[in-house]
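*Asks:* Sharing data09.cif here; it has mmCIF, C-alpha atoms.
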data_structure
#
loop_
_atom_site.label_atom_id
_atom_site.label_comp_id
_atom_site.auth_asym_id
_atom_site.auth_seq_id
_atom_site.Cartn_x
_atom_site.Cartn_y
_atom_site.Cartn_z
CA MET A 1 23.56 26.10 -22.33
CA ASN A 2 20.54 24.30 -23.84
CA TYR A 3 22.20 20.97 -23.10
CA ILE A 4 22.45 21.85 -19.40
CA LEU A 5 18.81 22.91 -19.27
CA LEU A 6 17.78 19.70 -21.04
CA GLN A 7 19.67 17.63 -18.47
CA ALA A 8 18.19 19.65 -15.60
CA ASN A 9 14.68 19.05 -16.94
CA PHE A 10 15.43 15.35 -17.28
CA VAL A 11 16.67 15.11 -13.69
CA GLN A 12 13.69 17.09 -12.42
CA ALA A 13 11.29 14.79 -14.30
CA ALA A 14 13.05 11.71 -12.93
CA ILE A 15 12.84 13.00 -9.36
CA SER A 16 9.20 13.92 -9.82
CA GLY A 17 8.50 10.44 -11.17
CA LEU A 18 10.20 8.79 -8.20
CA VAL A 19 8.26 10.93 -5.73
CA SER A 20 5.02 10.03 -7.50
CA LEU A 21 5.95 6.34 -7.48
CA ALA A 22 6.68 6.44 -3.75
CA LYS A 23 3.38 8.19 -3.06
CA ASN A 24 1.41 5.65 -5.12
CA TYR A 25 3.18 2.77 -3.37
CA SER A 26 2.38 4.25 0.02
CA GLU A 27 -1.31 4.67 -0.88
CA HIS A 28 -1.48 1.11 -2.25
CA ARG A 29 0.14 -0.27 0.88
CA LYS A 30 -2.39 1.53 3.10
CA SER A 31 -5.22 0.18 0.96
CA VAL A 32 -3.93 -3.39 1.21
CA GLN A 33 -3.44 -3.00 4.96
CA GLY A 34 -7.03 -1.77 5.36
CA TYR A 35 -8.33 -4.69 3.29
CA ASN A 36 -6.37 -7.21 5.36
CA GLU A 37 -7.54 -5.76 8.69
CA THR A 38 -11.19 -5.70 7.62
CA TYR A 39 -10.97 -9.21 6.15
CA LYS A 40 -9.45 -10.62 9.34
CA ILE A 41 -12.17 -9.05 11.49
CA LEU A 42 -15.02 -10.27 9.29
CA ILE A 43 -13.66 -13.78 8.76
CA LYS A 44 -13.54 -14.30 12.55
CA MET A 45 -17.21 -13.35 12.96
CA SER A 46 -19.89 -16.00 13.28
CA ASP A 47 -22.46 -16.52 10.53
CA LYS A 48 -25.11 -15.06 12.85
CA ASP A 49 -23.10 -11.90 13.46
CA LEU A 50 -22.45 -11.52 9.74
CA ARG A 51 -26.17 -11.96 9.07
CA ASP A 52 -26.92 -9.28 11.67
CA ILE A 53 -24.84 -6.75 9.75
CA GLY A 54 -26.33 -7.83 6.43
CA ILE A 55 -23.59 -9.79 4.74
CA CYS A 56 -22.89 -13.42 4.11
CA ARG A 57 -19.55 -15.19 4.31
CA GLY A 58 -19.18 -15.10 0.53
CA ASP A 59 -19.37 -11.31 0.57
CA ILE A 60 -16.39 -10.86 2.92
CA PRO A 61 -13.72 -10.28 0.23
CA ALA A 62 -15.92 -7.75 -1.58
CA VAL A 63 -16.86 -5.93 1.64
CA ALA A 64 -13.22 -5.82 2.75
CA ALA A 65 -12.33 -4.31 -0.63
CA GLY A 66 -14.98 -1.62 -0.18
CA ASP A 67 -17.39 -2.98 -2.78
CA THR A 68 -21.00 -2.19 -1.88
CA THR A 69 -22.48 -4.84 -4.19
CA ARG A 70 -23.69 -7.94 -2.37
CA ARG A 71 -23.68 -11.27 -4.18
CA GLY A 72 -25.06 -13.56 -1.49
CA ASN A 73 -28.51 -13.95 -0.01
CA VAL A 74 -28.78 -12.99 3.61
CA GLN A 75 -31.90 -14.29 5.32
#
So, in terms of structure tokens, how does the structure I just supplied come out?
*Replies:*
Amino acid sequence: MNYILLQANFVQAAISGLVSLAKNYSEHRKSVQGYNETYKILIKMSDKDLRDIGICRGDIPAVAAGDTTRRGNVQ
């Protein structure tokens, strides 16, 4: 009887792990998709337009990733 319960717990843990893995993968994929879309939009903008919104071309990867720290000088 204990052996059956042990196996059932193992199967339940395995299924739970797979569900968690699928959820994490889905969230990561959405994050990467958001980064790529933002990056593509910003990279197509002119330097003047980027300056107008307060970022420089060197900040594009960080901004696309959601980082609020700016490394470049915008004048």
*Asks:* Quote the spacing between CA of Asp49 (chain A) and CA of Ala62 (chain A) in Å to one decimal place.
*Replies:*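 Computing it gives 17.2 Å between the two atoms.
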*Asks:* Given only C-alpha atoms as the basis, pick out the residue of A:Ile55, A:Ala14, A:Leu50, A:Leu5 nearest to Asp67 (chain A).
*Replies:*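 Going through A:Ile55, A:Ala14, A:Leu50, A:Leu5 one by one, the smallest distance to Asp67 (chain A) is for A:Ile55.
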*Asks:* Could you list, as a PyMOL selection string, every residue within 12 Å of Met45 (chain A), counting all atoms listed in the file and ignoring same-chain residues fewer than 6 positions away?
*Replies:* chain A and resi 38-39+51-53+55-57+60
*Asks:* Grab all the atoms of region 1-16 of chain A that the file lists, wrap them in a box along x, y and z, add 8 Å per side, and give me centre plus edge lengths in Å (one decimal) as AutoDock Vina command-line options.
*Replies:*
--center_x 16.4 --center_y 18.9 --center_z -16.6 --size_x 30.4 --size_y 30.4 --size_z 30.5
*Asks:* As an NGL selection string, please: the residues near Gly34 (chain A) (cut-off 12 Å, all atoms listed in the file, same-chain neighbours under 3 positions excluded).
*Replies:* :A and (27-31 or 37-41 or 61 or 63-66)
*Asks:* So that I have them on file, write out the residues from the current selection with C-alpha atoms, as a compact mmCIF listing (two decimals), keeping the file's coordinate frame.
*Replies:*
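Output contents, as saved in selection_28.txt:
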# COMPACT_ATOMS: atom_id res chain seq x y z
CA GLU A 27 -1.31 4.67 -0.88
CA HIS A 28 -1.48 1.11 -2.25
CA ARG A 29 0.14 -0.27 0.88
CA LYS A 30 -2.39 1.53 3.10
CA SER A 31 -5.22 0.18 0.96
CA GLU A 37 -7.54 -5.76 8.69
CA THR A 38 -11.19 -5.70 7.62
CA TYR A 39 -10.97 -9.21 6.15
CA LYS A 40 -9.45 -10.62 9.34
CA ILE A 41 -12.17 -9.05 11.49
CA PRO A 61 -13.72 -10.28 0.23
CA VAL A 63 -16.86 -5.93 1.64
CA ALA A 64 -13.22 -5.82 2.75
CA ALA A 65 -12.33 -4.31 -0.63
CA GLY A 66 -14.98 -1.62 -0.18
*Asks:* What is the CA of Ser26 (chain A) to CA of Thr69 (chain A) distance in Å?
*Replies:* 26.8 Å
*Asks:* Kindly give the distance, in Å, that separates CA of Leu21 (chain A) and CA of Asn9 (chain A), rounded to a single decimal.
*Replies:* 18.1 Å
*Asks:* Can you take the partial region 10-44 of chain A, add N, CA and C atoms, and return it as a PDB file, in the coordinates of the input?
*Replies:*
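For reference, rebuild_24.pdb as written:
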ATOM      1  N   PHE A  10      15.469  16.801 -17.370  1.00  0.00           N
ATOM      2  CA  PHE A  10      15.430  15.350 -17.280  1.00  0.00           C
ATOM      3  C   PHE A  10      15.543  14.893 -15.831  1.00  0.00           C
ATOM      4  N   VAL A  11      16.476  15.468 -15.106  1.00  0.00           N
ATOM      5  CA  VAL A  11      16.670  15.110 -13.690  1.00  0.00           C
ATOM      6  C   VAL A  11      15.437  15.489 -12.879  1.00  0.00           C
ATOM      7  N   GLN A  12      14.887  16.655 -13.137  1.00  0.00           N
ATOM      8  CA  GLN A  12      13.690  17.090 -12.420  1.00  0.00           C
ATOM      9  C   GLN A  12      12.520  16.146 -12.703  1.00  0.00           C
ATOM     10  N   ALA A  13      12.359  15.725 -13.946  1.00  0.00           N
ATOM     11  CA  ALA A  13      11.290  14.790 -14.300  1.00  0.00           C
ATOM     12  C   ALA A  13      11.505  13.441 -13.634  1.00  0.00           C
ATOM     13  N   ALA A  14      12.746  12.994 -13.567  1.00  0.00           N
ATOM     14  CA  ALA A  14      13.050  11.710 -12.930  1.00  0.00           C
ATOM     15  C   ALA A  14      12.739  11.769 -11.433  1.00  0.00           C
ATOM     16  N   ILE A  15      13.122  12.836 -10.794  1.00  0.00           N
ATOM     17  CA  ILE A  15      12.840  13.000  -9.360  1.00  0.00           C
ATOM     18  C   ILE A  15      11.344  13.068  -9.117  1.00  0.00           C
ATOM     19  N   SER A  16      10.650  13.818  -9.941  1.00  0.00           N
ATOM     20  CA  SER A  16       9.200  13.920  -9.820  1.00  0.00           C
ATOM     21  C   SER A  16       8.536  12.557  -9.993  1.00  0.00           C
ATOM     22  N   GLY A  17       9.030  11.787 -10.946  1.00  0.00           N
ATOM     23  CA  GLY A  17       8.500  10.440 -11.170  1.00  0.00           C
ATOM     24  C   GLY A  17       8.728   9.530  -9.978  1.00  0.00           C
ATOM     25  N   LEU A  18       9.898   9.610  -9.379  1.00  0.00           N
ATOM     26  CA  LEU A  18      10.200   8.790  -8.200  1.00  0.00           C
ATOM     27  C   LEU A  18       9.340   9.167  -7.007  1.00  0.00           C
ATOM     28  N   VAL A  19       9.122  10.462  -6.826  1.00  0.00           N
ATOM     29  CA  VAL A  19       8.260  10.930  -5.730  1.00  0.00           C
ATOM     30  C   VAL A  19       6.838  10.424  -5.945  1.00  0.00           C
ATOM     31  N   SER A  20       6.363  10.501  -7.171  1.00  0.00           N
ATOM     32  CA  SER A  20       5.020  10.030  -7.500  1.00  0.00           C
ATOM     33  C   SER A  20       4.909   8.514  -7.276  1.00  0.00           C
ATOM     34  N   LEU A  21       5.929   7.787  -7.675  1.00  0.00           N
ATOM     35  CA  LEU A  21       5.950   6.340  -7.480  1.00  0.00           C
ATOM     36  C   LEU A  21       5.898   5.985  -6.000  1.00  0.00           C
ATOM     37  N   ALA A  22       6.679   6.690  -5.194  1.00  0.00           N
ATOM     38  CA  ALA A  22       6.680   6.440  -3.750  1.00  0.00           C
ATOM     39  C   ALA A  22       5.325   6.746  -3.140  1.00  0.00           C
ATOM     40  N   LYS A  23       4.694   7.823  -3.582  1.00  0.00           N
ATOM     41  CA  LYS A  23       3.380   8.190  -3.060  1.00  0.00           C
ATOM     42  C   LYS A  23       2.339   7.134  -3.434  1.00  0.00           C
ATOM     43  N   ASN A  24       2.353   6.679  -4.690  1.00  0.00           N
ATOM     44  CA  ASN A  24       1.410   5.650  -5.120  1.00  0.00           C
ATOM     45  C   ASN A  24       1.621   4.346  -4.362  1.00  0.00           C
ATOM     46  N   TYR A  25       2.877   3.980  -4.124  1.00  0.00           N
ATOM     47  CA  TYR A  25       3.180   2.770  -3.370  1.00  0.00           C
ATOM     48  C   TYR A  25       2.647   2.878  -1.952  1.00  0.00           C
ATOM     49  N   SER A  26       2.846   4.036  -1.340  1.00  0.00           N
ATOM     50  CA  SER A  26       2.380   4.250   0.020  1.00  0.00           C
ATOM     51  C   SER A  26       0.851   4.140   0.103  1.00  0.00           C
ATOM     52  N   GLU A  27       0.150   4.735  -0.852  1.00  0.00           N
ATOM     53  CA  GLU A  27      -1.310   4.670  -0.880  1.00  0.00           C
ATOM     54  C   GLU A  27      -1.781   3.230  -1.098  1.00  0.00           C
ATOM     55  N   HIS A  28      -1.111   2.510  -1.985  1.00  0.00           N
ATOM     56  CA  HIS A  28      -1.480   1.110  -2.250  1.00  0.00           C
ATOM     57  C   HIS A  28      -1.263   0.264  -0.997  1.00  0.00           C
ATOM     58  N   ARG A  29      -0.166   0.497  -0.328  1.00  0.00           N
ATOM     59  CA  ARG A  29       0.140  -0.270   0.880  1.00  0.00           C
ATOM     60  C   ARG A  29      -0.911  -0.040   1.970  1.00  0.00           C
ATOM     61  N   LYS A  30      -1.338   1.222   2.129  1.00  0.00           N
ATOM     62  CA  LYS A  30      -2.390   1.530   3.100  1.00  0.00           C
ATOM     63  C   LYS A  30      -3.694   0.849   2.718  1.00  0.00           C
ATOM     64  N   SER A  31      -3.996   0.821   1.437  1.00  0.00           N
ATOM     65  CA  SER A  31      -5.220   0.180   0.960  1.00  0.00           C
ATOM     66  C   SER A  31      -5.193  -1.316   1.242  1.00  0.00           C
ATOM     67  N   VAL A  32      -4.074  -1.950   0.958  1.00  0.00           N
ATOM     68  CA  VAL A  32      -3.930  -3.390   1.210  1.00  0.00           C
ATOM     69  C   VAL A  32      -4.011  -3.674   2.700  1.00  0.00           C
ATOM     70  N   GLN A  33      -3.407  -2.823   3.502  1.00  0.00           N
ATOM     71  CA  GLN A  33      -3.440  -3.000   4.960  1.00  0.00           C
ATOM     72  C   GLN A  33      -4.877  -2.886   5.469  1.00  0.00           C
ATOM     73  N   GLY A  34      -5.628  -1.922   4.964  1.00  0.00           N
ATOM     74  CA  GLY A  34      -7.030  -1.770   5.360  1.00  0.00           C
ATOM     75  C   GLY A  34      -7.857  -2.974   4.959  1.00  0.00           C
ATOM     76  N   TYR A  35      -7.623  -3.483   3.748  1.00  0.00           N
ATOM     77  CA  TYR A  35      -8.330  -4.690   3.290  1.00  0.00           C
ATOM     78  C   TYR A  35      -8.030  -5.848   4.232  1.00  0.00           C
ATOM     79  N   ASN A  36      -6.757  -6.076   4.513  1.00  0.00           N
ATOM     80  CA  ASN A  36      -6.370  -7.210   5.360  1.00  0.00           C
ATOM     81  C   ASN A  36      -6.972  -7.122   6.755  1.00  0.00           C
ATOM     82  N   GLU A  37      -6.975  -5.924   7.345  1.00  0.00           N
ATOM     83  CA  GLU A  37      -7.540  -5.760   8.690  1.00  0.00           C
ATOM     84  C   GLU A  37      -9.039  -6.043   8.689  1.00  0.00           C
ATOM     85  N   THR A  38      -9.746  -5.487   7.711  1.00  0.00           N
ATOM     86  CA  THR A  38     -11.190  -5.700   7.620  1.00  0.00           C
ATOM     87  C   THR A  38     -11.499  -7.168   7.371  1.00  0.00           C
ATOM     88  N   TYR A  39     -10.761  -7.794   6.473  1.00  0.00           N
ATOM     89  CA  TYR A  39     -10.970  -9.210   6.150  1.00  0.00           C
ATOM     90  C   TYR A  39     -10.787 -10.071   7.394  1.00  0.00           C
ATOM     91  N   LYS A  40      -9.730  -9.826   8.143  1.00  0.00           N
ATOM     92  CA  LYS A  40      -9.450 -10.620   9.340  1.00  0.00           C
ATOM     93  C   LYS A  40     -10.569 -10.485  10.379  1.00  0.00           C
ATOM     94  N   ILE A  41     -11.087  -9.274  10.538  1.00  0.00           N
ATOM     95  CA  ILE A  41     -12.170  -9.050  11.490  1.00  0.00           C
ATOM     96  C   ILE A  41     -13.430  -9.798  11.054  1.00  0.00           C
ATOM     97  N   LEU A  42     -13.785  -9.652   9.782  1.00  0.00           N
ATOM     98  CA  LEU A  42     -15.020 -10.270   9.290  1.00  0.00           C
ATOM     99  C   LEU A  42     -14.933 -11.786   9.251  1.00  0.00           C
ATOM    100  N   ILE A  43     -13.790 -12.336   8.886  1.00  0.00           N
ATOM    101  CA  ILE A  43     -13.660 -13.780   8.760  1.00  0.00           C
ATOM    102  C   ILE A  43     -13.780 -14.467  10.124  1.00  0.00           C
ATOM    103  N   LYS A  44     -13.448 -13.739  11.193  1.00  0.00           N
ATOM    104  CA  LYS A  44     -13.540 -14.300  12.550  1.00  0.00           C
ATOM    105  C   LYS A  44     -14.963 -14.265  13.100  1.00  0.00           C
TER     106      LYS A  44
END
